[in-house]
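Working notes, structure below.
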Amino acid sequence: MAKPIRLRDFVATEDGAIYSVAVYDNETHAGCILRYLPDPDGERRGPDGVRYRKVEFEDAYTWIQNNRPEWADTVHRIPLSEIARVFKPEEMMAAMQDRIPRLQRLMKLFPLPEGAVGCTGSLLCGLENEASDIDLVVYGDHWFSAQRQLQEAVAAGRIPSMSGEMWQKVYTKRVPEISFDEFVTHEARKFNRGEYEGTYFDLLYTRAYEDLSRVRIQKGEPVGRGVIEAVVTDASLSFDSPAVYKVDHDEIAYVLSFTHTYSGQARNGEVIEAAGVIEDHGDERWLVVGTTREARGEYIISKTLLKR
């Protein structure tokens, strides 16, 4: 029986277009974002010699609206019957390491069981270039092992600390609604990103197959915007996508972040301040951060951390 499609897999359709899987809810349709289109003048060349062009976020939605309007939604909803190929990071990891020596050297610093880690993004599709980041995907509780291993490797000097230039590059790319100093203060304790041989890499959390149904994320009815202060009572899915924080608050049950900037932003017992869109979910309300690509006016900070 084929394994279900899950977050951070990639899929290709019959026309050769390649999409990143952006959600866990993929039972009948894969929730994706268009990433690469075949193009004779494209700047990327695949293993089969076909050229592709990378599609930026806004352009992806425009292309879908013009060419596949029936797939248009919050993400692109592709019927499973239209998918010609699934790229699974964990299943293709060995081949990627054989092809990319830098990735192989990096993975020697993360001794994880086979199937516990993969690599997503352009490397997964064979469309990387010299500037490509390394997007490591680690599944379930193995992610926390990788996080500890990264922290230990940095402490031992096997992996350098992130340079100021790299922090500035990440901040500029994210353009968050918090200051650079606040950004680095939060990020420095997460150990979910690093720099190796001059290349930026991520440690991206994805649920194990047995946990796919945990905390089903459904879109609620927007009822306005808000800023709240609350105590985090459960941050076990704070590195997921979306990041999920259960909070103790009179009105809000969960704070969610759909932007990677605010994953792992707070720990159990910490007081957060969060600004975003309030959604009604029947018997409870959620506050959602990252409702647009830029997430203007939306953020999460740990007030507990900033006071230290």
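Scheme for the structure tokens: letters A, B, ... for chains in order shown; per-chain residue numbers from 1; ligand numbers from 1 in order shown.
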Quick one: which stretch 103-186 of chain A residues come within 12 Å of stretch 36-39 of chain A, and what is the nearest atom pair for each with the distance in Å to one decimal, counting only C-alpha atoms, rows ordered by chain and ascending number, as CSV?
residue,atom,partner,partner_atom,distance
A:Gly121,CA,A:Tyr36,CA,10.6
A:Ser122,CA,A:Tyr36,CA,9.2
A:Cys125,CA,A:Tyr36,CA,9.5
A:Gly126,CA,A:Tyr36,CA,11.4
A:Leu127,CA,A:Tyr36,CA,9.0
A:Glu128,CA,A:Tyr36,CA,11.5
Residues near A:Gly297, anyone? I mean within 12 Å using only C-alpha atoms, not counting same-chain ones fewer than 3 positions away, as a list in words. Val175, Pro176, Glu177, Ile178, Arg225, Gly226, Val227, Ala274, Ala275, Gly276, Val277, Val288, Val289, Gly290, Thr291, Thr292, Arg293, Glu294 and Ile300 of chain A
Distance query A:Gln265 at most 12 Å, only C-alpha atoms, self and fewer than 2 positions along chain excluded, as a compact mmCIF listing (two decimals) with all heavy atoms, in the first residue's frame:
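Written output follows (out.txt):
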# COMPACT_ATOMS: atom_id res chain seq x y z
N GLU A 182 15.32 41.28 18.24
CA GLU A 182 14.29 40.37 18.76
C GLU A 182 14.26 39.07 17.96
O GLU A 182 14.11 37.98 18.52
CB GLU A 182 12.91 41.05 18.71
CG GLU A 182 12.75 42.16 19.73
CD GLU A 182 11.44 42.90 19.54
OE1 GLU A 182 10.95 42.98 18.39
OE2 GLU A 182 10.91 43.41 20.54
N PHE A 183 14.43 39.20 16.65
CA PHE A 183 14.44 38.03 15.77
C PHE A 183 15.58 37.08 16.16
O PHE A 183 15.36 35.88 16.37
CB PHE A 183 14.58 38.48 14.32
CG PHE A 183 14.75 37.38 13.32
CD1 PHE A 183 13.68 36.62 12.92
CD2 PHE A 183 16.01 37.10 12.77
CE1 PHE A 183 13.83 35.59 11.98
CE2 PHE A 183 16.17 36.08 11.85
CZ PHE A 183 15.08 35.33 11.45
N VAL A 184 16.79 37.61 16.27
CA VAL A 184 17.95 36.77 16.57
C VAL A 184 17.85 36.19 17.98
O VAL A 184 18.22 35.03 18.22
CB VAL A 184 19.26 37.56 16.38
CG1 VAL A 184 20.46 36.73 16.83
CG2 VAL A 184 19.43 37.96 14.92
N THR A 185 17.33 36.97 18.93
CA THR A 185 17.15 36.46 20.30
C THR A 185 16.28 35.21 20.31
O THR A 185 16.59 34.22 20.99
CB THR A 185 16.54 37.54 21.21
OG1 THR A 185 17.44 38.65 21.28
CG2 THR A 185 16.27 37.01 22.61
N HIS A 186 15.19 35.24 19.56
CA HIS A 186 14.30 34.07 19.49
C HIS A 186 14.96 32.93 18.71
O HIS A 186 14.92 31.77 19.12
CB HIS A 186 12.98 34.45 18.81
CG HIS A 186 12.04 35.20 19.70
ND1 HIS A 186 12.10 36.57 19.86
CD2 HIS A 186 11.01 34.78 20.48
CE1 HIS A 186 11.15 36.96 20.69
NE2 HIS A 186 10.46 35.89 21.08
N GLU A 187 15.56 33.26 17.56
CA GLU A 187 16.09 32.22 16.67
C GLU A 187 17.28 31.49 17.27
O GLU A 187 17.46 30.29 17.04
CB GLU A 187 16.49 32.84 15.33
CG GLU A 187 15.34 33.38 14.50
CD GLU A 187 14.35 32.29 14.12
OE1 GLU A 187 14.78 31.26 13.57
OE2 GLU A 187 13.15 32.48 14.37
N ALA A 188 18.12 32.20 18.02
CA ALA A 188 19.38 31.62 18.48
C ALA A 188 19.18 30.42 19.40
O ALA A 188 20.07 29.57 19.50
CB ALA A 188 20.20 32.70 19.20
N ARG A 189 18.04 30.33 20.05
CA ARG A 189 17.81 29.19 20.96
C ARG A 189 17.05 28.04 20.30
O ARG A 189 16.83 27.00 20.92
CB ARG A 189 17.06 29.65 22.20
CG ARG A 189 15.60 30.04 21.98
CD ARG A 189 14.88 30.18 23.29
NE ARG A 189 13.48 30.55 23.10
CZ ARG A 189 12.60 30.60 24.10
NH1 ARG A 189 12.97 30.32 25.33
NH2 ARG A 189 11.35 30.93 23.86
N LYS A 190 16.62 28.22 19.05
CA LYS A 190 15.80 27.19 18.40
C LYS A 190 16.63 26.02 17.85
O LYS A 190 16.14 24.89 17.83
CB LYS A 190 14.98 27.80 17.25
CG LYS A 190 13.94 28.81 17.70
CD LYS A 190 13.20 29.38 16.49
CE LYS A 190 12.25 30.48 16.88
NZ LYS A 190 11.54 31.06 15.71
N PHE A 191 17.81 26.30 17.34
CA PHE A 191 18.65 25.29 16.71
C PHE A 191 17.86 24.49 15.66
O PHE A 191 17.86 23.27 15.64
CB PHE A 191 19.29 24.38 17.75
CG PHE A 191 20.39 25.05 18.52
CD1 PHE A 191 20.14 25.61 19.77
CD2 PHE A 191 21.66 25.16 17.99
CE1 PHE A 191 21.13 26.27 20.47
CE2 PHE A 191 22.67 25.81 18.68
CZ PHE A 191 22.41 26.37 19.93
N ASN A 192 17.19 25.23 14.80
CA ASN A 192 16.48 24.62 13.67
C ASN A 192 16.99 25.15 12.33
O ASN A 192 16.38 24.93 11.29
CB ASN A 192 14.97 24.84 13.78
CG ASN A 192 14.58 26.30 13.63
OD1 ASN A 192 15.38 27.21 13.87
ND2 ASN A 192 13.33 26.55 13.26
N VAL A 232 1.58 29.90 27.22
CA VAL A 232 1.60 28.70 26.39
C VAL A 232 1.51 27.48 27.30
O VAL A 232 2.32 27.32 28.21
CB VAL A 232 2.89 28.64 25.54
CG1 VAL A 232 2.96 27.32 24.77
CG2 VAL A 232 2.95 29.82 24.59
N ALA A 235 3.41 23.40 23.68
CA ALA A 235 4.19 23.83 22.51
C ALA A 235 4.77 22.64 21.78
O ALA A 235 5.73 22.79 21.02
CB ALA A 235 5.30 24.79 22.94
N SER A 236 4.20 21.44 21.96
CA SER A 236 4.78 20.23 21.37
C SER A 236 4.74 20.24 19.85
O SER A 236 5.51 19.53 19.20
CB SER A 236 4.07 18.98 21.91
OG SER A 236 2.69 18.99 21.58
N LEU A 237 3.83 21.03 19.25
CA LEU A 237 3.76 21.15 17.79
C LEU A 237 4.19 22.54 17.32
O LEU A 237 3.81 22.99 16.24
CB LEU A 237 2.35 20.84 17.29
CG LEU A 237 1.90 19.37 17.39
CD1 LEU A 237 0.46 19.21 16.96
CD2 LEU A 237 2.80 18.46 16.57
N SER A 238 5.03 23.19 18.11
CA SER A 238 5.41 24.56 17.78
C SER A 238 6.39 24.64 16.62
O SER A 238 6.60 25.72 16.06
CB SER A 238 6.01 25.26 19.01
OG SER A 238 7.23 24.67 19.39
N PHE A 239 7.04 23.53 16.26
CA PHE A 239 7.94 23.53 15.10
C PHE A 239 7.27 22.94 13.87
O PHE A 239 7.90 22.78 12.83
CB PHE A 239 9.23 22.76 15.42
CG PHE A 239 10.17 23.52 16.31
CD1 PHE A 239 10.20 23.27 17.68
CD2 PHE A 239 11.01 24.49 15.79
CE1 PHE A 239 11.06 23.98 18.51
CE2 PHE A 239 11.88 25.20 16.61
CZ PHE A 239 11.90 24.95 17.98
N ASP A 240 5.98 22.61 13.98
CA ASP A 240 5.25 22.03 12.85
C ASP A 240 4.86 23.14 11.88
O ASP A 240 5.16 24.32 12.09
CB ASP A 240 4.00 21.31 13.39
CG ASP A 240 3.49 20.23 12.46
OD1 ASP A 240 4.03 20.08 11.35
OD2 ASP A 240 2.54 19.53 12.85
N ALA A 243 2.78 26.10 12.88
CA ALA A 243 3.16 25.96 14.29
C ALA A 243 1.90 26.11 15.13
O ALA A 243 1.06 26.97 14.86
CB ALA A 243 4.18 27.03 14.66
N VAL A 244 1.76 25.24 16.15
CA VAL A 244 0.55 25.24 16.98
C VAL A 244 0.95 25.47 18.43
O VAL A 244 1.80 24.76 18.98
CB VAL A 244 -0.20 23.90 16.86
CG1 VAL A 244 -1.45 23.91 17.75
CG2 VAL A 244 -0.59 23.62 15.41
N TYR A 245 0.33 26.47 19.04
CA TYR A 245 0.53 26.76 20.46
C TYR A 245 -0.82 26.72 21.16
O TYR A 245 -1.70 27.53 20.84
CB TYR A 245 1.14 28.15 20.67
CG TYR A 245 2.44 28.39 19.94
CD1 TYR A 245 2.45 28.85 18.62
CD2 TYR A 245 3.66 28.17 20.57
CE1 TYR A 245 3.64 29.08 17.94
CE2 TYR A 245 4.86 28.40 19.90
CZ TYR A 245 4.85 28.85 18.58
OH TYR A 245 6.02 29.07 17.92
N VAL A 255 -2.98 29.49 19.29
CA VAL A 255 -2.33 30.43 18.39
C VAL A 255 -1.61 29.59 17.34
O VAL A 255 -0.85 28.67 17.68
CB VAL A 255 -1.33 31.34 19.14
CG1 VAL A 255 -0.55 32.20 18.14
CG2 VAL A 255 -2.06 32.20 20.15
N LEU A 256 -1.85 29.88 16.07
CA LEU A 256 -1.22 29.16 14.96
C LEU A 256 -0.37 30.12 14.15
O LEU A 256 -0.73 31.29 13.98
CB LEU A 256 -2.27 28.55 14.03
CG LEU A 256 -2.86 27.18 14.40
CD1 LEU A 256 -3.66 27.25 15.68
CD2 LEU A 256 -3.73 26.67 13.26
N SER A 257 0.76 29.62 13.65
CA SER A 257 1.58 30.42 12.74
C SER A 257 1.80 29.66 11.45
O SER A 257 2.35 28.56 11.45
CB SER A 257 2.92 30.77 13.36
OG SER A 257 3.73 31.44 12.40
N THR A 259 3.63 31.04 9.10
CA THR A 259 4.92 31.49 8.61
C THR A 259 6.01 30.88 9.46
O THR A 259 5.92 30.86 10.70
CB THR A 259 5.02 33.04 8.60
OG1 THR A 259 6.35 33.41 8.27
CG2 THR A 259 4.67 33.63 9.95
N HIS A 260 7.05 30.36 8.81
CA HIS A 260 8.13 29.64 9.49
C HIS A 260 8.86 30.51 10.50
O HIS A 260 9.47 30.01 11.45
CB HIS A 260 9.11 29.11 8.43
CG HIS A 260 10.19 28.24 8.97
ND1 HIS A 260 9.93 27.09 9.69
CD2 HIS A 260 11.54 28.34 8.89
CE1 HIS A 260 11.09 26.52 10.04
NE2 HIS A 260 12.07 27.26 9.56
N THR A 261 8.77 31.83 10.33
CA THR A 261 9.45 32.76 11.23
C THR A 261 9.08 32.52 12.68
O THR A 261 9.93 32.65 13.57
CB THR A 261 9.10 34.22 10.85
OG1 THR A 261 9.43 34.42 9.48
CG2 THR A 261 9.85 35.21 11.72
N TYR A 262 7.84 32.16 12.94
CA TYR A 262 7.36 32.05 14.32
C TYR A 262 7.17 30.61 14.78
O TYR A 262 6.48 30.35 15.76
CB TYR A 262 6.07 32.87 14.49
CG TYR A 262 6.28 34.31 14.08
CD1 TYR A 262 5.60 34.85 12.98
CD2 TYR A 262 7.19 35.12 14.75
CE1 TYR A 262 5.81 36.16 12.58
CE2 TYR A 262 7.40 36.44 14.36
CZ TYR A 262 6.72 36.95 13.27
OH TYR A 262 6.94 38.25 12.87
N SER A 263 7.79 29.66 14.08
CA SER A 263 7.80 28.29 14.59
C SER A 263 8.80 28.21 15.74
O SER A 263 9.84 28.88 15.72
CB SER A 263 8.19 27.30 13.48
OG SER A 263 9.52 27.49 13.08
N ARG A 267 8.08 28.45 24.43
CA ARG A 267 8.07 27.14 25.08
C ARG A 267 6.95 27.07 26.12
O ARG A 267 6.35 28.08 26.47
CB ARG A 267 9.43 26.89 25.75
CG ARG A 267 10.59 26.85 24.76
CD ARG A 267 11.93 26.76 25.46
NE ARG A 267 13.03 26.68 24.49
CZ ARG A 267 14.31 26.69 24.83
NH1 ARG A 267 14.67 26.77 26.11
NH2 ARG A 267 15.25 26.60 23.89
N ASN A 268 6.69 25.86 26.58
CA ASN A 268 5.67 25.67 27.61
C ASN A 268 5.92 26.60 28.80
O ASN A 268 7.06 26.73 29.27
CB ASN A 268 5.67 24.23 28.11
CG ASN A 268 5.08 23.26 27.11
OD1 ASN A 268 4.58 23.66 26.06
ND2 ASN A 268 5.15 21.98 27.41
N GLU A 270 5.73 29.82 28.94
CA GLU A 270 6.13 31.19 28.62
C GLU A 270 4.93 32.05 28.25
O GLU A 270 3.93 31.56 27.71
CB GLU A 270 7.15 31.19 27.48
CG GLU A 270 8.48 30.56 27.87
CD GLU A 270 9.55 30.69 26.81
OE1 GLU A 270 9.23 31.08 25.66
OE2 GLU A 270 10.72 30.38 27.13
N VAL A 271 5.05 33.34 28.54
CA VAL A 271 4.02 34.30 28.16
C VAL A 271 4.34 34.83 26.77
O VAL A 271 5.47 35.27 26.50
CB VAL A 271 3.98 35.47 29.16
CG1 VAL A 271 2.96 36.53 28.71
CG2 VAL A 271 3.63 34.97 30.56
N ILE A 272 3.37 34.75 25.88
CA ILE A 272 3.56 35.28 24.53
C ILE A 272 2.64 36.47 24.29
O ILE A 272 1.60 36.63 24.94
CB ILE A 272 3.27 34.22 23.43
CG1 ILE A 272 1.81 33.73 23.49
CG2 ILE A 272 4.26 33.08 23.52
CD1 ILE A 272 1.41 32.87 22.29
N GLU A 273 3.07 37.30 23.36
CA GLU A 273 2.21 38.32 22.77
C GLU A 273 2.07 37.94 21.31
O GLU A 273 3.07 37.66 20.64
CB GLU A 273 2.82 39.71 22.91
CG GLU A 273 1.98 40.82 22.28
CD GLU A 273 2.63 42.18 22.46
OE1 GLU A 273 2.90 42.57 23.61
OE2 GLU A 273 2.90 42.84 21.42
N ALA A 274 0.84 37.88 20.84
CA ALA A 274 0.60 37.45 19.46
C ALA A 274 -0.43 38.36 18.82
O ALA A 274 -1.43 38.72 19.44
CB ALA A 274 0.12 36.00 19.43
N TYR A 299 2.48 38.71 14.28
CA TYR A 299 3.73 38.26 14.89
C TYR A 299 3.45 37.45 16.15
O TYR A 299 2.33 37.45 16.68
CB TYR A 299 4.63 39.46 15.24
CG TYR A 299 4.01 40.40 16.26
CD1 TYR A 299 4.15 40.17 17.63
CD2 TYR A 299 3.27 41.51 15.85
CE1 TYR A 299 3.56 41.01 18.57
CE2 TYR A 299 2.67 42.35 16.78
CZ TYR A 299 2.82 42.10 18.14
OH TYR A 299 2.23 42.93 19.06
N ILE A 300 4.48 36.78 16.63
CA ILE A 300 4.48 36.14 17.94
C ILE A 300 5.82 36.46 18.58
O ILE A 300 6.87 36.29 17.95
CB ILE A 300 4.33 34.60 17.86
CG1 ILE A 300 3.05 34.21 17.14
CG2 ILE A 300 4.35 33.98 19.27
CD1 ILE A 300 2.98 32.71 16.80
N ILE A 301 5.80 36.93 19.84
CA ILE A 301 7.03 37.07 20.61
C ILE A 301 6.85 36.40 21.95
O ILE A 301 5.73 36.33 22.48
CB ILE A 301 7.44 38.55 20.80
CG1 ILE A 301 6.34 39.33 21.51
CG2 ILE A 301 7.84 39.18 19.49
CD1 ILE A 301 6.78 40.72 21.96
N SER A 302 7.94 35.90 22.50
CA SER A 302 7.93 35.39 23.87
C SER A 302 8.35 36.52 24.78
O SER A 302 9.52 36.92 24.82
CB SER A 302 8.90 34.21 24.02
OG SER A 302 9.07 33.91 25.40
N LYS A 303 7.41 37.06 25.52
CA LYS A 303 7.73 38.15 26.45
C LYS A 303 8.63 37.62 27.57
O LYS A 303 9.49 38.36 28.08
CB LYS A 303 6.44 38.76 27.00
CG LYS A 303 5.55 39.38 25.93
CD LYS A 303 4.40 40.18 26.51
CE LYS A 303 4.88 41.51 27.03
NZ LYS A 303 3.75 42.39 27.41
N THR A 304 8.44 36.34 27.91
CA THR A 304 9.29 35.73 28.95
C THR A 304 10.75 35.74 28.50
O THR A 304 11.64 36.12 29.28
CB THR A 304 8.83 34.31 29.22
OG1 THR A 304 7.46 34.30 29.60
CG2 THR A 304 9.68 33.65 30.30
N LEU A 305 11.00 35.34 27.26
CA LEU A 305 12.37 35.31 26.75
C LEU A 305 12.97 36.70 26.68
O LEU A 305 14.13 36.93 27.08
CB LEU A 305 12.38 34.67 25.36
CG LEU A 305 13.72 34.69 24.61
CD1 LEU A 305 14.76 33.86 25.35
CD2 LEU A 305 13.54 34.18 23.18
N LEU A 306 12.22 37.68 26.18
CA LEU A 306 12.76 39.02 26.00
C LEU A 306 13.06 39.72 27.31
O LEU A 306 13.87 40.64 27.36
CB LEU A 306 11.79 39.86 25.15
CG LEU A 306 11.61 39.41 23.70
CD1 LEU A 306 10.61 40.30 22.98
CD2 LEU A 306 12.94 39.38 22.94
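When only C-alpha atoms are used to compute distances to A:Leu123, the closest of the residues A:Ile33, A:Leu203, A:Leu103, A:Ile83 turns out to be A:Leu103.
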List the neighbours of stretch 134-144 of chain A out to 7 Å using only C-alpha atoms; skip same-chain residues closer than 2 positions along the sequence, and give me the result as a PyMOL selection string. chain A and resi 116-121+132+146-148+200-208
For the strand (DSSP E or B) assignment from backbone DSSP, which residues of stretch 34-89 of chain A qualify? Please present them as a short mmCIF file (atom, residue, chain, number, x, y, z; two decimals) with all heavy atoms, in the first residue's frame.
data_model
loop_
_atom_site.label_atom_id
_atom_site.label_comp_id
_atom_site.auth_asym_id
_atom_site.auth_seq_id
_atom_site.Cartn_x
_atom_site.Cartn_y
_atom_site.Cartn_z
N LEU A 34 2.57 25.47 -6.37
CA LEU A 34 3.37 25.30 -7.59
C LEU A 34 4.77 25.86 -7.38
O LEU A 34 4.93 26.99 -6.91
CB LEU A 34 2.68 26.03 -8.75
CG LEU A 34 3.42 26.04 -10.09
CD1 LEU A 34 3.56 24.63 -10.65
CD2 LEU A 34 2.68 26.94 -11.08
N ARG A 35 5.81 25.08 -7.77
CA ARG A 35 7.19 25.53 -7.57
C ARG A 35 7.99 25.60 -8.87
O ARG A 35 8.80 26.50 -9.04
CB ARG A 35 7.91 24.60 -6.59
CG ARG A 35 7.33 24.60 -5.18
CD ARG A 35 7.39 25.97 -4.53
NE ARG A 35 8.74 26.49 -4.44
CZ ARG A 35 9.60 26.19 -3.46
NH1 ARG A 35 9.24 25.37 -2.48
NH2 ARG A 35 10.81 26.71 -3.44
N TYR A 36 7.80 24.63 -9.77
CA TYR A 36 8.61 24.60 -11.00
C TYR A 36 7.73 24.24 -12.19
O TYR A 36 6.87 23.35 -12.11
CB TYR A 36 9.73 23.57 -10.88
CG TYR A 36 10.71 23.84 -9.75
CD1 TYR A 36 10.61 23.15 -8.55
CD2 TYR A 36 11.72 24.79 -9.90
CE1 TYR A 36 11.49 23.40 -7.51
CE2 TYR A 36 12.61 25.04 -8.86
CZ TYR A 36 12.49 24.35 -7.67
OH TYR A 36 13.35 24.60 -6.63
N LEU A 37 7.98 24.92 -13.32
CA LEU A 37 7.28 24.65 -14.57
C LEU A 37 8.29 24.32 -15.66
O LEU A 37 9.34 24.98 -15.77
CB LEU A 37 6.46 25.86 -15.00
CG LEU A 37 5.12 26.09 -14.31
CD1 LEU A 37 4.56 27.46 -14.70
CD2 LEU A 37 4.13 24.99 -14.65
N PRO A 38 8.01 23.31 -16.50
CA PRO A 38 8.89 23.06 -17.65
C PRO A 38 8.96 24.29 -18.52
O PRO A 38 7.95 24.93 -18.80
CB PRO A 38 8.19 21.90 -18.36
CG PRO A 38 7.31 21.27 -17.34
CD PRO A 38 6.87 22.38 -16.44
N ARG A 44 16.91 26.15 -14.58
CA ARG A 44 17.22 24.90 -13.89
C ARG A 44 17.10 23.73 -14.87
O ARG A 44 16.18 23.67 -15.68
CB ARG A 44 16.26 24.66 -12.72
CG ARG A 44 16.11 25.85 -11.74
CD ARG A 44 17.27 25.96 -10.79
NE ARG A 44 17.13 27.08 -9.88
CZ ARG A 44 16.85 26.97 -8.58
NH1 ARG A 44 16.67 25.78 -8.04
NH2 ARG A 44 16.75 28.04 -7.81
N ARG A 45 18.02 22.78 -14.76
CA ARG A 45 17.96 21.59 -15.61
C ARG A 45 17.79 20.37 -14.72
O ARG A 45 18.58 20.16 -13.78
CB ARG A 45 19.21 21.45 -16.46
CG ARG A 45 19.14 20.28 -17.46
CD ARG A 45 20.49 20.01 -18.10
NE ARG A 45 20.94 21.10 -18.93
CZ ARG A 45 20.63 21.25 -20.22
NH1 ARG A 45 19.85 20.34 -20.82
NH2 ARG A 45 21.10 22.26 -20.92
N ARG A 51 14.44 21.35 -18.91
CA ARG A 51 14.66 22.62 -18.23
C ARG A 51 13.38 23.09 -17.53
O ARG A 51 12.27 22.88 -18.03
CB ARG A 51 15.14 23.69 -19.22
CG ARG A 51 16.59 23.49 -19.65
CD ARG A 51 17.14 24.72 -20.34
NE ARG A 51 18.57 24.61 -20.57
CZ ARG A 51 19.51 24.92 -19.68
NH1 ARG A 51 19.15 25.38 -18.49
NH2 ARG A 51 20.78 24.78 -19.97
N TYR A 52 13.58 23.74 -16.39
CA TYR A 52 12.46 24.27 -15.60
C TYR A 52 12.75 25.70 -15.18
O TYR A 52 13.91 26.10 -15.05
CB TYR A 52 12.26 23.44 -14.33
CG TYR A 52 11.73 22.04 -14.53
CD1 TYR A 52 12.57 21.00 -14.89
CD2 TYR A 52 10.38 21.76 -14.36
CE1 TYR A 52 12.09 19.72 -15.09
CE2 TYR A 52 9.88 20.48 -14.54
CZ TYR A 52 10.74 19.47 -14.90
OH TYR A 52 10.26 18.20 -15.09
N ARG A 53 11.69 26.44 -14.94
CA ARG A 53 11.84 27.74 -14.29
C ARG A 53 11.15 27.68 -12.92
O ARG A 53 10.12 27.04 -12.76
CB ARG A 53 11.25 28.86 -15.13
CG ARG A 53 9.75 28.79 -15.38
CD ARG A 53 9.31 29.98 -16.22
NE ARG A 53 7.93 29.88 -16.66
CZ ARG A 53 6.89 30.36 -15.97
NH1 ARG A 53 7.09 30.96 -14.81
NH2 ARG A 53 5.66 30.23 -16.44
N LYS A 54 11.78 28.33 -11.96
CA LYS A 54 11.20 28.40 -10.63
C LYS A 54 10.07 29.42 -10.63
O LYS A 54 10.19 30.50 -11.22
CB LYS A 54 12.26 28.78 -9.60
CG LYS A 54 11.78 28.71 -8.17
CD LYS A 54 12.91 28.95 -7.18
CE LYS A 54 12.43 28.81 -5.75
NZ LYS A 54 13.53 29.03 -4.77
N HIS A 76 -3.14 25.03 -3.61
CA HIS A 76 -3.62 24.42 -4.86
C HIS A 76 -4.05 22.99 -4.54
O HIS A 76 -3.25 22.18 -4.08
CB HIS A 76 -2.51 24.40 -5.92
CG HIS A 76 -1.75 25.69 -6.02
ND1 HIS A 76 -2.33 26.92 -5.81
CD2 HIS A 76 -0.45 25.93 -6.33
CE1 HIS A 76 -1.42 27.87 -5.98
NE2 HIS A 76 -0.27 27.29 -6.30
N ARG A 77 -5.31 22.67 -4.79
CA ARG A 77 -5.87 21.36 -4.44
C ARG A 77 -5.88 20.46 -5.68
O ARG A 77 -6.77 20.55 -6.53
CB ARG A 77 -7.28 21.52 -3.88
CG ARG A 77 -7.34 22.23 -2.54
CD ARG A 77 -6.86 21.33 -1.43
NE ARG A 77 -6.88 21.99 -0.12
CZ ARG A 77 -6.53 21.40 1.01
NH1 ARG A 77 -6.13 20.13 0.98
NH2 ARG A 77 -6.56 22.05 2.15
N ILE A 78 -4.89 19.57 -5.78
CA ILE A 78 -4.72 18.72 -6.95
C ILE A 78 -5.36 17.36 -6.68
O ILE A 78 -4.98 16.68 -5.72
CB ILE A 78 -3.23 18.52 -7.27
CG1 ILE A 78 -2.52 19.88 -7.40
CG2 ILE A 78 -3.05 17.70 -8.53
CD1 ILE A 78 -1.02 19.77 -7.58
N PRO A 79 -6.32 16.92 -7.49
CA PRO A 79 -6.87 15.58 -7.31
C PRO A 79 -5.77 14.53 -7.38
O PRO A 79 -4.86 14.62 -8.22
CB PRO A 79 -7.86 15.44 -8.47
CG PRO A 79 -8.17 16.84 -8.90
CD PRO A 79 -6.91 17.63 -8.64
N ILE A 83 -1.99 13.22 -10.22
CA ILE A 83 -0.58 13.22 -9.82
C ILE A 83 0.15 12.07 -10.49
O ILE A 83 -0.25 10.90 -10.37
CB ILE A 83 -0.45 13.13 -8.29
CG1 ILE A 83 -0.98 14.43 -7.66
CG2 ILE A 83 1.00 12.88 -7.86
CD1 ILE A 83 -1.07 14.40 -6.16
N ALA A 84 1.22 12.40 -11.22
CA ALA A 84 1.97 11.39 -11.96
C ALA A 84 3.13 10.83 -11.14
O ALA A 84 3.55 9.69 -11.35
CB ALA A 84 2.51 11.99 -13.25
N ARG A 85 3.66 11.63 -10.21
CA ARG A 85 4.81 11.18 -9.43
C ARG A 85 4.82 11.86 -8.07
O ARG A 85 4.44 13.03 -7.95
CB ARG A 85 6.12 11.50 -10.17
CG ARG A 85 7.36 11.02 -9.42
CD ARG A 85 8.64 11.34 -10.16
NE ARG A 85 9.80 10.90 -9.39
CZ ARG A 85 11.07 11.16 -9.71
NH1 ARG A 85 11.34 11.83 -10.82
NH2 ARG A 85 12.06 10.74 -8.93
N VAL A 86 5.25 11.12 -7.05
CA VAL A 86 5.43 11.67 -5.71
C VAL A 86 6.91 11.57 -5.35
O VAL A 86 7.52 10.51 -5.47
CB VAL A 86 4.58 10.92 -4.66
CG1 VAL A 86 4.81 11.50 -3.27
CG2 VAL A 86 3.09 10.98 -5.03
N PHE A 87 7.49 12.69 -4.93
CA PHE A 87 8.88 12.71 -4.45
C PHE A 87 8.85 12.69 -2.93
O PHE A 87 8.37 13.65 -2.31
CB PHE A 87 9.59 13.99 -4.90
CG PHE A 87 9.63 14.23 -6.39
CD1 PHE A 87 8.53 14.74 -7.07
CD2 PHE A 87 10.79 13.96 -7.11
CE1 PHE A 87 8.59 14.99 -8.43
CE2 PHE A 87 10.85 14.21 -8.48
CZ PHE A 87 9.74 14.72 -9.14
#
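Using only C-alpha atoms, the smallest distance between any of A:Val75, A:Pro47, A:Glu210, A:Thr62 and A:Gly31 comes from A:Val75.
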Write out as a list in words the residues lying within 12 Å of A:Lys108, counting only C-alpha atoms and excluding same-chain residues fewer than 5 positions away. Gln97, Pro101, Arg102, Leu103, Pro113, Ala146, Gln149, Leu150, Ala153, Arg158 and Ile159 of chain A
Test item, helix (DSSP H, G or I) assignment across stretch 38-268 of chain A, answer as number ranges by chain: A: 57-67, 69-71, 80-82, 93-99, 101-107, 122-125, 142-156, 164-174, 180-187, 209-211, 260-262
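Near A:Tyr209, within 12 Å and counting only C-alpha atoms, sit Ala2, Lys3, Pro4, Ile5, Arg6, Leu7, Tyr24, Gly115, Ala116, Tyr139, Gly140, Asp141, Ser213 and Arg214 of chain A; same-chain residues fewer than 4 positions away were not included.
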In Å to one decimal, how far is atom CA of A:Lys88 from atom CA of A:Phe10? 6.8 Å
